[in-house]
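Novice: Just one file: coords.pdb, with PDB, C-alpha atoms and all ligand atoms.
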MODEL        1
ATOM      1  CA  MET A  21      65.950  69.898  95.011
ATOM      2  CA  VAL A  22      69.323  71.361  93.898
ATOM      3  CA  ASN A  23      67.471  74.101  91.970
ATOM      4  CA  ALA A  24      65.379  74.950  94.996
ATOM      5  CA  MET A  25      68.528  75.236  97.128
ATOM      6  CA  ALA A  26      70.253  77.447  94.544
ATOM      7  CA  GLU A  27      67.173  79.686  94.323
ATOM      8  CA  LYS A  28      67.058  79.974  98.095
ATOM      9  CA  SER A  29      70.739  80.935  98.113
ATOM     10  CA  ILE A  30      70.199  83.589  95.386
ATOM     11  CA  ASP A  31      67.226  84.941  97.369
ATOM     12  CA  THR A  32      69.398  85.164 100.476
ATOM     13  CA  CYS A  33      72.105  87.046  98.516
ATOM     14  CA  ASN A  34      69.610  89.564  97.096
ATOM     15  CA  LYS A  35      68.137  90.073 100.536
ATOM     16  CA  LYS A  36      71.596  90.533 102.065
ATOM     17  CA  LEU A  37      72.531  93.149  99.442
ATOM     18  CA  LYS A  38      69.300  95.032 100.182
ATOM     19  CA  GLN A  39      70.181  94.872 103.869
ATOM     20  CA  SER A  40      73.476  96.609 103.019
ATOM     21  CA  ALA A  41      71.482  99.810 102.472
ATOM     22  CA  GLY A  42      72.335 102.228 105.260
ATOM     23  CA  ARG A  43      75.712 100.605 105.959
ATOM     24  CA  VAL A  44      78.778 102.826 105.915
ATOM     25  CA  ALA A  45      81.827 102.193 103.727
ATOM     26  CA  ILE A  46      85.298 103.679 103.424
ATOM     27  CA  ILE A  47      86.900 103.251 100.012
ATOM     28  CA  THR A  48      90.546 104.214  99.654
ATOM     29  CA  GLY A  49      91.858 105.386  96.292
ATOM     30  CA  ALA A  50      88.393 106.538  95.214
ATOM     31  CA  SER A  51      89.354 109.424  92.905
ATOM     32  CA  SER A  52      89.895 107.282  89.816
ATOM     33  CA  GLY A  53      89.383 103.885  88.164
ATOM     34  CA  ILE A  54      88.026 101.056  90.285
ATOM     35  CA  GLY A  55      87.510 103.152  93.454
ATOM     36  CA  LEU A  56      85.544 105.891  91.693
ATOM     37  CA  ASP A  57      83.252 103.368  89.999
ATOM     38  CA  LEU A  58      82.765 101.519  93.279
ATOM     39  CA  LEU A  59      81.653 104.704  95.036
ATOM     40  CA  LYS A  60      78.845 105.057  92.467
ATOM     41  CA  ALA A  61      77.887 101.371  92.707
ATOM     42  CA  LEU A  62      77.672 101.392  96.513
ATOM     43  CA  ALA A  63      75.841 104.717  96.777
ATOM     44  CA  SER A  64      73.240 103.590  94.245
ATOM     45  CA  ARG A  65      72.525 100.604  96.511
ATOM     46  CA  GLY A  66      71.846 102.750  99.533
ATOM     47  CA  ILE A  67      75.298 102.590 101.102
ATOM     48  CA  ARG A  68      76.823 105.732 102.626
ATOM     49  CA  ALA A  69      80.412 105.893 101.463
ATOM     50  CA  VAL A  70      83.476 107.986 102.239
ATOM     51  CA  GLY A  71      85.865 108.049  99.284
ATOM     52  CA  CYS A  72      89.443 109.077  99.945
ATOM     53  CA  ALA A  73      92.487 109.941  97.862
ATOM     54  CA  ARG A  74      95.265 112.518  97.917
ATOM     55  CA  SER A  75      93.446 114.582  95.327
ATOM     56  CA  ILE A  76      89.669 114.568  95.818
ATOM     57  CA  SER A  77      88.263 116.948  93.192
ATOM     58  CA  ARG A  78      86.740 114.081  91.154
ATOM     59  CA  ILE A  79      85.080 112.628  94.258
ATOM     60  CA  GLU A  80      83.703 116.067  95.130
ATOM     61  CA  GLU A  81      82.274 116.354  91.587
ATOM     62  CA  LEU A  82      80.650 112.945  92.022
ATOM     63  CA  CYS A  83      79.074 114.084  95.307
ATOM     64  CA  ILE A  84      77.492 117.052  93.479
ATOM     65  CA  ASP A  85      76.313 114.887  90.538
ATOM     66  CA  LEU A  86      75.023 111.913  92.466
ATOM     67  CA  ASN A  87      73.964 112.700  96.017
ATOM     68  CA  ASP A  88      70.462 113.890  95.026
ATOM     69  CA  LYS A  89      69.885 110.906  92.753
ATOM     70  CA  VAL A  90      70.880 107.902  94.841
ATOM     71  CA  SER A  91      69.500 106.258  97.951
ATOM     72  CA  GLY A  92      72.942 106.224  99.564
ATOM     73  CA  HIS A  93      75.357 109.100 100.064
ATOM     74  CA  ILE A  94      78.950 109.942  99.135
ATOM     75  CA  SER A  95      81.477 112.099 101.003
ATOM     76  CA  ALA A  96      84.975 113.025  99.915
ATOM     77  CA  PHE A  97      87.851 112.962 102.370
ATOM     78  CA  LYS A  98      91.398 113.979 101.519
ATOM     79  CA  CYS A  99      93.674 111.299 102.916
ATOM     80  CA  ASP A 100      97.053 109.907 101.998
ATOM     81  CA  VAL A 101      97.059 106.323 103.292
ATOM     82  CA  ARG A 102     100.829 106.626 103.905
ATOM     83  CA  ILE A 103     100.148 109.172 106.667
ATOM     84  CA  GLU A 104      98.813 107.511 109.793
ATOM     85  CA  HIS A 105      97.189 110.563 111.404
ATOM     86  CA  GLU A 106      95.282 111.282 108.148
ATOM     87  CA  VAL A 107      93.925 107.703 108.159
ATOM     88  CA  LYS A 108      92.838 108.088 111.800
ATOM     89  CA  SER A 109      91.125 111.415 110.943
ATOM     90  CA  MET A 110      89.304 109.726 108.041
ATOM     91  CA  PHE A 111      87.825 107.072 110.342
ATOM     92  CA  GLU A 112      86.836 109.739 112.870
ATOM     93  CA  PHE A 113      85.203 111.762 110.066
ATOM     94  CA  ALA A 114      83.191 108.747 108.831
ATOM     95  CA  CYS A 115      82.066 107.807 112.359
ATOM     96  CA  LYS A 116      81.034 111.384 113.145
ATOM     97  CA  LYS A 117      79.214 111.869 109.833
ATOM     98  CA  TYR A 118      77.491 108.489 109.507
ATOM     99  CA  GLY A 119      77.687 106.898 112.965
ATOM    100  CA  SER A 120      79.937 103.894 112.254
ATOM    101  CA  VAL A 121      82.090 102.210 109.621
ATOM    102  CA  ASP A 122      80.865  98.782 108.458
ATOM    103  CA  ILE A 123      82.801  98.210 105.233
ATOM    104  CA  LEU A 124      86.427  98.938 104.307
ATOM    105  CA  VAL A 125      87.621  98.569 100.721
ATOM    106  CA  ASN A 126      91.416  98.785 100.633
ATOM    107  CA  ASN A 127      91.710  99.846  97.016
ATOM    108  CA  ALA A 128      94.445 102.541  96.923
ATOM    109  CA  GLY A 129      97.444 101.143  95.078
ATOM    110  CA  VAL A 130     100.286 102.171  92.804
ATOM    111  CA  GLY A 131     102.893 100.634  90.541
ATOM    112  CA  HIS A 132     106.111 102.147  89.236
ATOM    113  CA  ASP A 133     108.342 101.083  86.389
ATOM    114  CA  ALA A 134     111.184 100.018  88.715
ATOM    115  CA  PRO A 135     112.801  96.665  87.798
ATOM    116  CA  LEU A 136     114.615  94.712  90.508
ATOM    117  CA  LEU A 137     118.068  95.126  88.938
ATOM    118  CA  THR A 138     117.852  98.775  87.913
ATOM    119  CA  GLY A 139     114.893 100.338  89.740
ATOM    120  CA  ASP A 140     114.816 103.403  91.935
ATOM    121  CA  THR A 141     114.691 102.827  95.727
ATOM    122  CA  GLU A 142     112.208 105.684  96.231
ATOM    123  CA  CYS A 143     109.772 103.987  93.814
ATOM    124  CA  TRP A 144     110.072 100.707  95.733
ATOM    125  CA  LYS A 145     109.516 102.534  99.050
ATOM    126  CA  ASN A 146     106.408 104.257  97.680
ATOM    127  CA  ILE A 147     104.940 100.916  96.577
ATOM    128  CA  LEU A 148     105.628  99.448 100.040
ATOM    129  CA  ASP A 149     104.180 102.482 101.819
ATOM    130  CA  ILE A 150     100.916 102.555  99.865
ATOM    131  CA  ASN A 151     100.211  98.954  98.844
ATOM    132  CA  ILE A 152     101.327  97.260 102.072
ATOM    133  CA  LEU A 153     101.658  99.719 104.981
ATOM    134  CA  GLY A 154      98.717 101.952 103.982
ATOM    135  CA  LEU A 155      96.474  98.909 103.608
ATOM    136  CA  SER A 156      97.621  97.504 106.966
ATOM    137  CA  ILE A 157      97.085 100.799 108.820
ATOM    138  CA  CYS A 158      93.558 101.126 107.362
ATOM    139  CA  THR A 159      92.735  97.521 108.317
ATOM    140  CA  ARG A 160      93.932  97.985 111.912
ATOM    141  CA  GLU A 161      92.010 101.253 112.264
ATOM    142  CA  PHE A 162      88.877  99.596 110.851
ATOM    143  CA  TYR A 163      89.150  96.782 113.413
ATOM    144  CA  GLN A 164      89.757  99.173 116.314
ATOM    145  CA  HIS A 165      86.776 101.361 115.281
ATOM    146  CA  SER A 166      84.609  98.250 114.936
ATOM    147  CA  LEU A 167      85.453  97.366 118.550
ATOM    148  CA  SER A 168      84.751 100.846 119.869
ATOM    149  CA  CYS A 169      81.488 101.249 117.867
ATOM    150  CA  GLY A 170      80.304  97.700 118.633
ATOM    151  CA  VAL A 171      80.199  96.710 114.929
ATOM    152  CA  ASP A 172      80.687  92.946 114.680
ATOM    153  CA  ASN A 173      79.405  92.282 111.159
ATOM    154  CA  GLY A 174      81.915  94.320 109.160
ATOM    155  CA  ASP A 175      83.456  93.543 105.777
ATOM    156  CA  ILE A 176      87.040  94.181 104.722
ATOM    157  CA  ILE A 177      87.770  93.819 101.014
ATOM    158  CA  ASN A 178      91.356  94.081  99.769
ATOM    159  CA  ILE A 179      91.895  94.872  96.113
ATOM    160  CA  CYS A 180      94.855  92.655  95.300
ATOM    161  CA  SER A 181      95.823  91.597  91.750
ATOM    162  CA  ILE A 182      96.376  88.516  89.655
ATOM    163  CA  VAL A 183     100.101  89.358  90.069
ATOM    164  CA  GLY A 184      99.584  88.731  93.790
ATOM    165  CA  HIS A 185      99.523  85.049  92.764
ATOM    166  CA  VAL A 186     101.893  84.798  89.794
ATOM    167  CA  VAL A 187     105.087  86.690  88.910
ATOM    168  CA  PRO A 188     104.516  88.160  85.451
ATOM    169  CA  PRO A 189     107.370  88.033  82.897
ATOM    170  CA  SER A 190     107.535  91.828  82.956
ATOM    171  CA  PRO A 191     110.406  93.490  84.886
ATOM    172  CA  ARG A 192     108.516  96.747  85.402
ATOM    173  CA  ASN A 193     105.918  94.791  87.404
ATOM    174  CA  HIS A 194     108.194  92.635  89.571
ATOM    175  CA  PHE A 195     108.333  94.854  92.670
ATOM    176  CA  TYR A 196     104.621  95.665  92.333
ATOM    177  CA  SER A 197     103.936  91.921  92.057
ATOM    178  CA  ALA A 198     105.904  91.342  95.299
ATOM    179  CA  SER A 199     103.727  93.959  97.038
ATOM    180  CA  LYS A 200     100.547  92.212  95.868
ATOM    181  CA  HIS A 201     101.904  88.814  97.023
ATOM    182  CA  ALA A 202     102.230  90.550 100.411
ATOM    183  CA  VAL A 203      98.559  91.601 100.170
ATOM    184  CA  THR A 204      97.616  87.933  99.644
ATOM    185  CA  ALA A 205      99.508  87.058 102.851
ATOM    186  CA  LEU A 206      97.986  90.011 104.736
ATOM    187  CA  THR A 207      94.440  88.975 103.773
ATOM    188  CA  GLU A 208      94.977  85.439 105.075
ATOM    189  CA  GLY A 209      96.871  86.638 108.175
ATOM    190  CA  THR A 210      94.078  89.084 109.048
ATOM    191  CA  ARG A 211      91.475  86.351 108.510
ATOM    192  CA  GLN A 212      93.312  84.114 110.975
ATOM    193  CA  GLU A 213      93.597  86.890 113.597
ATOM    194  CA  LEU A 214      89.883  87.721 113.246
ATOM    195  CA  SER A 215      89.018  84.050 113.610
ATOM    196  CA  GLU A 216      91.193  83.724 116.744
ATOM    197  CA  LYS A 217      89.275  86.658 118.229
ATOM    198  CA  GLU A 218      85.977  84.962 117.283
ATOM    199  CA  SER A 219      85.070  88.084 115.302
ATOM    200  CA  ASN A 220      82.271  88.038 112.743
ATOM    201  CA  ILE A 221      84.105  90.567 110.559
ATOM    202  CA  LYS A 222      84.725  89.041 107.134
ATOM    203  CA  ILE A 223      87.834  89.637 105.056
ATOM    204  CA  SER A 224      88.071  88.862 101.342
ATOM    205  CA  GLN A 225      90.213  89.904  98.437
ATOM    206  CA  ILE A 226      89.590  90.532  94.774
ATOM    207  CA  SER A 227      92.439  89.788  92.380
ATOM    208  CA  PRO A 228      91.753  91.349  88.995
ATOM    209  CA  GLY A 229      93.681  90.878  85.793
ATOM    210  CA  LEU A 230      94.109  93.910  83.561
ATOM    211  CA  VAL A 231      91.515  96.641  84.212
ATOM    212  CA  HIS A 232      91.182  99.721  82.004
ATOM    213  CA  THR A 233      91.910 102.602  84.416
ATOM    214  CA  ALA A 234      94.632 105.230  84.784
ATOM    215  CA  PHE A 235      96.867 102.684  86.536
ATOM    216  CA  HIS A 236      99.197 101.814  83.633
ATOM    217  CA  LEU A 237      99.304 105.407  82.410
ATOM    218  CA  LYS A 238     100.819 106.307  85.767
ATOM    219  CA  LEU A 239     102.991 103.173  85.973
ATOM    220  CA  MET A 240     104.531 103.903  82.580
ATOM    221  CA  ASN A 241     104.655 107.624  83.350
ATOM    222  CA  ASP A 242     103.394 108.151  79.796
ATOM    223  CA  GLU A 243      99.683 108.572  78.986
ATOM    224  CA  GLN A 244     100.018 107.646  75.329
ATOM    225  CA  ARG A 245     102.036 104.466  75.949
ATOM    226  CA  GLY A 246      99.643 103.505  78.726
ATOM    227  CA  GLU A 247      96.583 103.890  76.488
ATOM    228  CA  GLU A 248      98.315 101.919  73.713
ATOM    229  CA  TYR A 249      98.986  99.124  76.231
ATOM    230  CA  TYR A 250      95.283  98.986  77.095
ATOM    231  CA  LYS A 251      94.358  99.012  73.395
ATOM    232  CA  LEU A 252      96.659  96.059  72.656
ATOM    233  CA  ASN A 253      95.303  93.893  75.477
ATOM    234  CA  SER A 254      91.841  92.777  76.454
ATOM    235  CA  CYS A 255      90.779  94.512  79.643
ATOM    236  CA  LEU A 256      88.145  94.397  82.336
ATOM    237  CA  ASP A 257      86.057  97.474  82.997
ATOM    238  CA  PRO A 258      86.118  98.921  86.561
ATOM    239  CA  ARG A 259      82.405  97.986  86.734
ATOM    240  CA  ASP A 260      83.386  94.298  86.552
ATOM    241  CA  VAL A 261      85.385  94.720  89.756
ATOM    242  CA  SER A 262      82.567  96.710  91.427
ATOM    243  CA  GLN A 263      80.198  93.822  90.632
ATOM    244  CA  SER A 264      82.556  91.459  92.460
ATOM    245  CA  VAL A 265      82.506  93.744  95.510
ATOM    246  CA  LEU A 266      78.674  93.748  95.431
ATOM    247  CA  TYR A 267      78.739  89.960  95.247
ATOM    248  CA  LEU A 268      81.001  89.723  98.315
ATOM    249  CA  LEU A 269      78.680  92.067 100.223
ATOM    250  CA  SER A 270      75.672  89.955  99.251
ATOM    251  CA  THR A 271      76.765  86.701 100.894
ATOM    252  CA  PRO A 272      74.964  85.508 104.040
ATOM    253  CA  ALA A 273      76.576  86.125 107.453
ATOM    254  CA  HIS A 274      77.889  82.554 107.770
ATOM    255  CA  VAL A 275      79.587  82.587 104.343
ATOM    256  CA  CYS A 276      82.959  84.239 103.767
ATOM    257  CA  VAL A 277      84.190  84.078 100.163
ATOM    258  CA  HIS A 278      87.942  84.323 100.591
ATOM    259  CA  GLU A 279      88.871  85.475  97.119
ATOM    260  CA  VAL A 280      87.528  86.406  93.726
ATOM    261  CA  ILE A 281      90.002  86.083  90.846
ATOM    262  CA  ILE A 282      88.652  87.900  87.811
ATOM    263  CA  ARG A 283      90.452  88.127  84.457
ATOM    264  CA  PRO A 284      89.554  89.293  80.960
ATOM    265  CA  THR A 285      88.537  86.050  79.240
ATOM    266  CA  GLN A 286      91.552  86.045  76.907
ATOM    267  CA  GLN A 287      94.238  87.110  79.388
ATOM    268  CA  LEU A 288      97.084  84.550  79.393
ATOM    269  CA  VAL A 289      98.774  85.026  82.807
TER     270      VAL A 289
HETATM  271  N1  LIG B 301      94.214  98.592  86.628
HETATM  272  C1  LIG B 301      94.609  97.348  86.707
HETATM  273  O1  LIG B 301      94.940  96.709  85.679
HETATM  274  C2  LIG B 301      94.654  96.643  88.038
HETATM  275  C3  LIG B 301      94.767  95.256  88.044
HETATM  276  C4  LIG B 301      94.808  94.591  89.251
HETATM  277  C5  LIG B 301      94.743  95.289  90.433
HETATM  278  N2  LIG B 301      94.647  96.635  90.412
HETATM  279  C6  LIG B 301      94.593  97.333  91.703
HETATM  280  O2  LIG B 301      93.391  98.062  91.774
HETATM  281  C7  LIG B 301      93.538  99.149  92.682
HETATM  282  C8  LIG B 301      92.973 100.418  92.054
HETATM  283  O3  LIG B 301      93.735 100.747  90.921
HETATM  284  P1  LIG B 301      93.126 101.410  89.605
HETATM  285  O4  LIG B 301      93.393 100.487  88.494
HETATM  286  O5  LIG B 301      91.760 101.906  89.831
HETATM  287  O6  LIG B 301      94.177 102.616  89.431
HETATM  288  P2  LIG B 301      94.019 104.212  89.405
HETATM  289  O7  LIG B 301      92.964 104.610  88.454
HETATM  290  O8  LIG B 301      95.405 104.711  89.213
HETATM  291  O9  LIG B 301      93.527 104.558  90.893
HETATM  292  C9  LIG B 301      94.380 104.516  91.989
HETATM  293  C10 LIG B 301      93.744 105.290  93.137
HETATM  294  O10 LIG B 301      94.602 105.197  94.279
HETATM  295  C11 LIG B 301      94.746 106.512  94.826
HETATM  296  N3  LIG B 301      95.998 106.607  95.580
HETATM  297  C12 LIG B 301      97.269 106.467  95.135
HETATM  298  N4  LIG B 301      98.130 106.701  96.118
HETATM  299  C13 LIG B 301      97.385 106.985  97.237
HETATM  300  C14 LIG B 301      97.695 107.321  98.572
HETATM  301  N5  LIG B 301      98.963 107.428  98.993
HETATM  302  N6  LIG B 301      96.678 107.532  99.447
HETATM  303  C15 LIG B 301      95.389 107.462  99.039
HETATM  304  N7  LIG B 301      95.030 107.152  97.782
HETATM  305  C16 LIG B 301      96.027 106.923  96.888
HETATM  306  C17 LIG B 301      94.710 107.433  93.596
HETATM  307  O11 LIG B 301      94.362 108.784  93.929
HETATM  308  P3  LIG B 301      95.436 109.939  94.263
HETATM  309  O12 LIG B 301      96.574 109.737  93.331
HETATM  310  O13 LIG B 301      94.667 111.209  94.088
HETATM  311  O14 LIG B 301      95.839 109.738  95.687
HETATM  312  C18 LIG B 301      93.575 106.778  92.831
HETATM  313  O15 LIG B 301      92.329 107.212  93.334
HETATM  314  C19 LIG B 301      95.024  99.214  93.020
HETATM  315  O16 LIG B 301      95.248  98.612  94.284
HETATM  316  C20 LIG B 301      95.676  98.366  91.933
HETATM  317  O17 LIG B 301      96.882  97.784  92.379
HETATM  318  C21 LIG B 301      94.594  97.347  89.244
ENDMDL
END
Kindly return the structure encoded in the file as structure tokens.
Ligand SMILES: NC(=O)c1ccc[n+]([C@@H]2O[C@H](COP(=O)([O-])OP(=O)(O)OC[C@H]3O[C@@H](n4cnc5c(N)ncnc54)[C@H](OP(=O)(O)O)[C@@H]3O)[C@@H](O)[C@H]2O)c1

Specialist:
Amino acid sequence: MVNAMAEKSIDTCNKKLKQSAGRVAIITGASSGIGLDLLKALASRGIRAVGCARSISRIEELCIDLNDKVSGHISAFKCDVRIEHEVKSMFEFACKKYGSVDILVNNAGVGHDAPLLTGDTECWKNILDINILGLSICTREFYQHSLSCGVDNGDIINICSIVGHVVPPSPRNHFYSASKHAVTALTEGTRQELSEKESNIKISQISPGLVHTAFHLKLMNDEQRGEEYYKLNSCLDPRDVSQSVLYLLSTPAHVCVHEVIIRPTQQLV
């Protein structure tokens, strides 16, 4: 009996993922790491996806490489999530090109080596602007476009972090950790507002541990030190995070998985 129920649930998930084909996604921070991998994963499952970043040459290369080979489609859009009118233009572009926006993955994020007792104010402001304000502007625009396009089955997925739940014993990550704690609060706050409006839009977050991307190279402002850091620690691959996104998109309409926490098996914190 239990097996039969589990099989039915797996069937429903597979069916739901197939039904995602033709849906339209916006992925922020899609020029590198997790976002770039996710663009490939979604497009190969039939999803039409707009990938944004401040520098979009890698997304444009992916469009050339992949668009003839996948059932979905990828478009590149230059957008800095700190700049409100660029975010609005990105939503207008996606709606014009593909007809609607059904999925938003708030993935753009940065960290800077800026400890609380000695760090630079401009670094803190940049983390706030991208990780918190940029994410909030994109979420509001997604909701408003859903209302105007009549989309009531959307998905919002915030890429948070394990340090959105714990404060790591690492001064260079303390301000970044505070920004990801804010993301945890924003995910729950948005869920409550959606529920109050009796919306069927789902919101979830994924909180990864260490993932091998360019993130720590930029955080340390030193490619070599960043790569050494990844070598010394066990890491997830961006594909592991993409798989979690696919899982969230595969759940039936009445199921909202609030959070996926995913760590390398040996990661301590
Ligand atoms: N790597 C990890 O260990 C790890 C762990 C947990 C959570 N995360 C989270 O995962 C997400 C993705 O990070 P990643 O590891 O894939 O890092 P990444 O390789 O450095 O990618 C970050 C992406 O964000 C974009 N971005 C930065 N500022 C932006 C802005 N103002 N507007 C639009 N896009 C912007 C970057 O492109 P441009 O610079 O061209 O704009 C890039 O495409 C982040 O939210 C990060 O906090 C990462």

Novice: Counting all atoms listed in the file, which protein, DNA or RNA residues come within 7 Å of ligand LIG 301 (chain B), given as a CSV table (one decimal) with C-alpha atoms, in the coordinates of the input?

Specialist:
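And here's out.csv as it stands now:
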chain,number,residue,atom,x,y,z
A,48,THR,CA,90.5,104.2,99.7
A,49,GLY,CA,91.9,105.4,96.3
A,50,ALA,CA,88.4,106.5,95.2
A,51,SER,CA,89.4,109.4,92.9
A,52,SER,CA,89.9,107.3,89.8
A,53,GLY,CA,89.4,103.9,88.2
A,54,ILE,CA,88.0,101.1,90.3
A,55,GLY,CA,87.5,103.2,93.5
A,72,CYS,CA,89.4,109.1,99.9
A,73,ALA,CA,92.5,109.9,97.9
A,74,ARG,CA,95.3,112.5,97.9
A,75,SER,CA,93.4,114.6,95.3
A,76,ILE,CA,89.7,114.6,95.8
A,99,CYS,CA,93.7,111.3,102.9
A,100,ASP,CA,97.1,109.9,102.0
A,101,VAL,CA,97.1,106.3,103.3
A,102,ARG,CA,100.8,106.6,103.9
A,127,ASN,CA,91.7,99.8,97.0
A,128,ALA,CA,94.4,102.5,96.9
A,129,GLY,CA,97.4,101.1,95.1
A,130,VAL,CA,100.3,102.2,92.8
A,131,GLY,CA,102.9,100.6,90.5
A,150,ILE,CA,100.9,102.6,99.9
A,151,ASN,CA,100.2,99.0,98.8
A,179,ILE,CA,91.9,94.9,96.1
A,180,CYS,CA,94.9,92.7,95.3
A,181,SER,CA,95.8,91.6,91.8
A,182,ILE,CA,96.4,88.5,89.7
A,227,SER,CA,92.4,89.8,92.4
A,228,PRO,CA,91.8,91.3,89.0
A,229,GLY,CA,93.7,90.9,85.8
A,230,LEU,CA,94.1,93.9,83.6
A,231,VAL,CA,91.5,96.6,84.2
A,232,HIS,CA,91.2,99.7,82.0
A,233,THR,CA,91.9,102.6,84.4
A,234,ALA,CA,94.6,105.2,84.8
A,235,PHE,CA,96.9,102.7,86.5
A,236,HIS,CA,99.2,101.8,83.6
A,238,LYS,CA,100.8,106.3,85.8

Novice: Using all atoms listed in the file, pick whichever of A:Pro189, A:Ile152, A:Gln39, A:Asn253 has the shortest atom-to-atom distance to Pro272 in chain A.

Specialist: A:Gln39

Novice: Expressed in Å to a single decimal, how great is the separation between CA of Ala273 in chain A and CA of Gly119 in chain A?

Specialist: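 Interatomic distance here is 21.5 Å.
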
Novice: Determine the nearest neighbour of Asn241 in chain A from the options A:Ala69, A:Ser168, A:Arg192, A:Leu153, counting all atoms listed in the file.

Specialist: A:Arg192

Novice: Assuming the chain letters and numbering stay as they are in my file, what does the PyMOL selection byres (((chain A and resi 174) around 10) and not hetatm) actually select? List them as a list in words.

Specialist: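 Answer for the PyMOL selection byres (((chain A and resi 174) around 10) and not hetatm): Arg43, Val44, Ala45, Val121, Asp122, Ile123, Leu124, Phe162, Tyr163, Ser166, Val171, Asp172, Asn173, Asp175, Ile176, Ser219, Asn220, Ile221, Lys222, Ile223, Leu269 and Ala273 of chain A.
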
Novice: Counting all atoms listed in the file, what is within 10 Å of Ala202 in chain A, bar same-chain residues fewer than 2 positions away, as a list of chain:residue names?

Specialist: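 Selected residues are A:Leu148, A:Asn151, A:Ile152, A:Cys180, A:Gly184, A:His185, A:Tyr196, A:Ser197, A:Ala198, A:Ser199, A:Lys200, A:Thr204, A:Ala205, A:Leu206, A:Thr207.
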
Novice: Grab the residues selected above and save them as an mmCIF file, in the frame of the given file with C-alpha atoms.

Specialist:
data_model
loop_
_atom_site.group_PDB
_atom_site.id
_atom_site.type_symbol
_atom_site.label_atom_id
_atom_site.label_comp_id
_atom_site.auth_asym_id
_atom_site.auth_seq_id
_atom_site.Cartn_x
_atom_site.Cartn_y
_atom_site.Cartn_z
ATOM 1 C CA LEU A 148 105.628 99.448 100.040
ATOM 2 C CA ASN A 151 100.211 98.954 98.844
ATOM 3 C CA ILE A 152 101.327 97.260 102.072
ATOM 4 C CA CYS A 180 94.855 92.655 95.300
ATOM 5 C CA GLY A 184 99.584 88.731 93.790
ATOM 6 C CA HIS A 185 99.523 85.049 92.764
ATOM 7 C CA TYR A 196 104.621 95.665 92.333
ATOM 8 C CA SER A 197 103.936 91.921 92.057
ATOM 9 C CA ALA A 198 105.904 91.342 95.299
ATOM 10 C CA SER A 199 103.727 93.959 97.038
ATOM 11 C CA LYS A 200 100.547 92.212 95.868
ATOM 12 C CA THR A 204 97.616 87.933 99.644
ATOM 13 C CA ALA A 205 99.508 87.058 102.851
ATOM 14 C CA LEU A 206 97.986 90.011 104.736
ATOM 15 C CA THR A 207 94.440 88.975 103.773
#

Novice: Report, in Å to a single decimal, how far apart CA of His93 in chain A and CA of Phe111 in chain A are.

Specialist: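 Computing the Euclidean distance for CA of Phe111 in chain A and CA of His93 in chain A yields 16.3 Å.
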
Novice: Calculate how many Å separate CA of Leu237 in chain A from CA of Val183 in chain A, rounding to one decimal.

Specialist: 17.8 Å
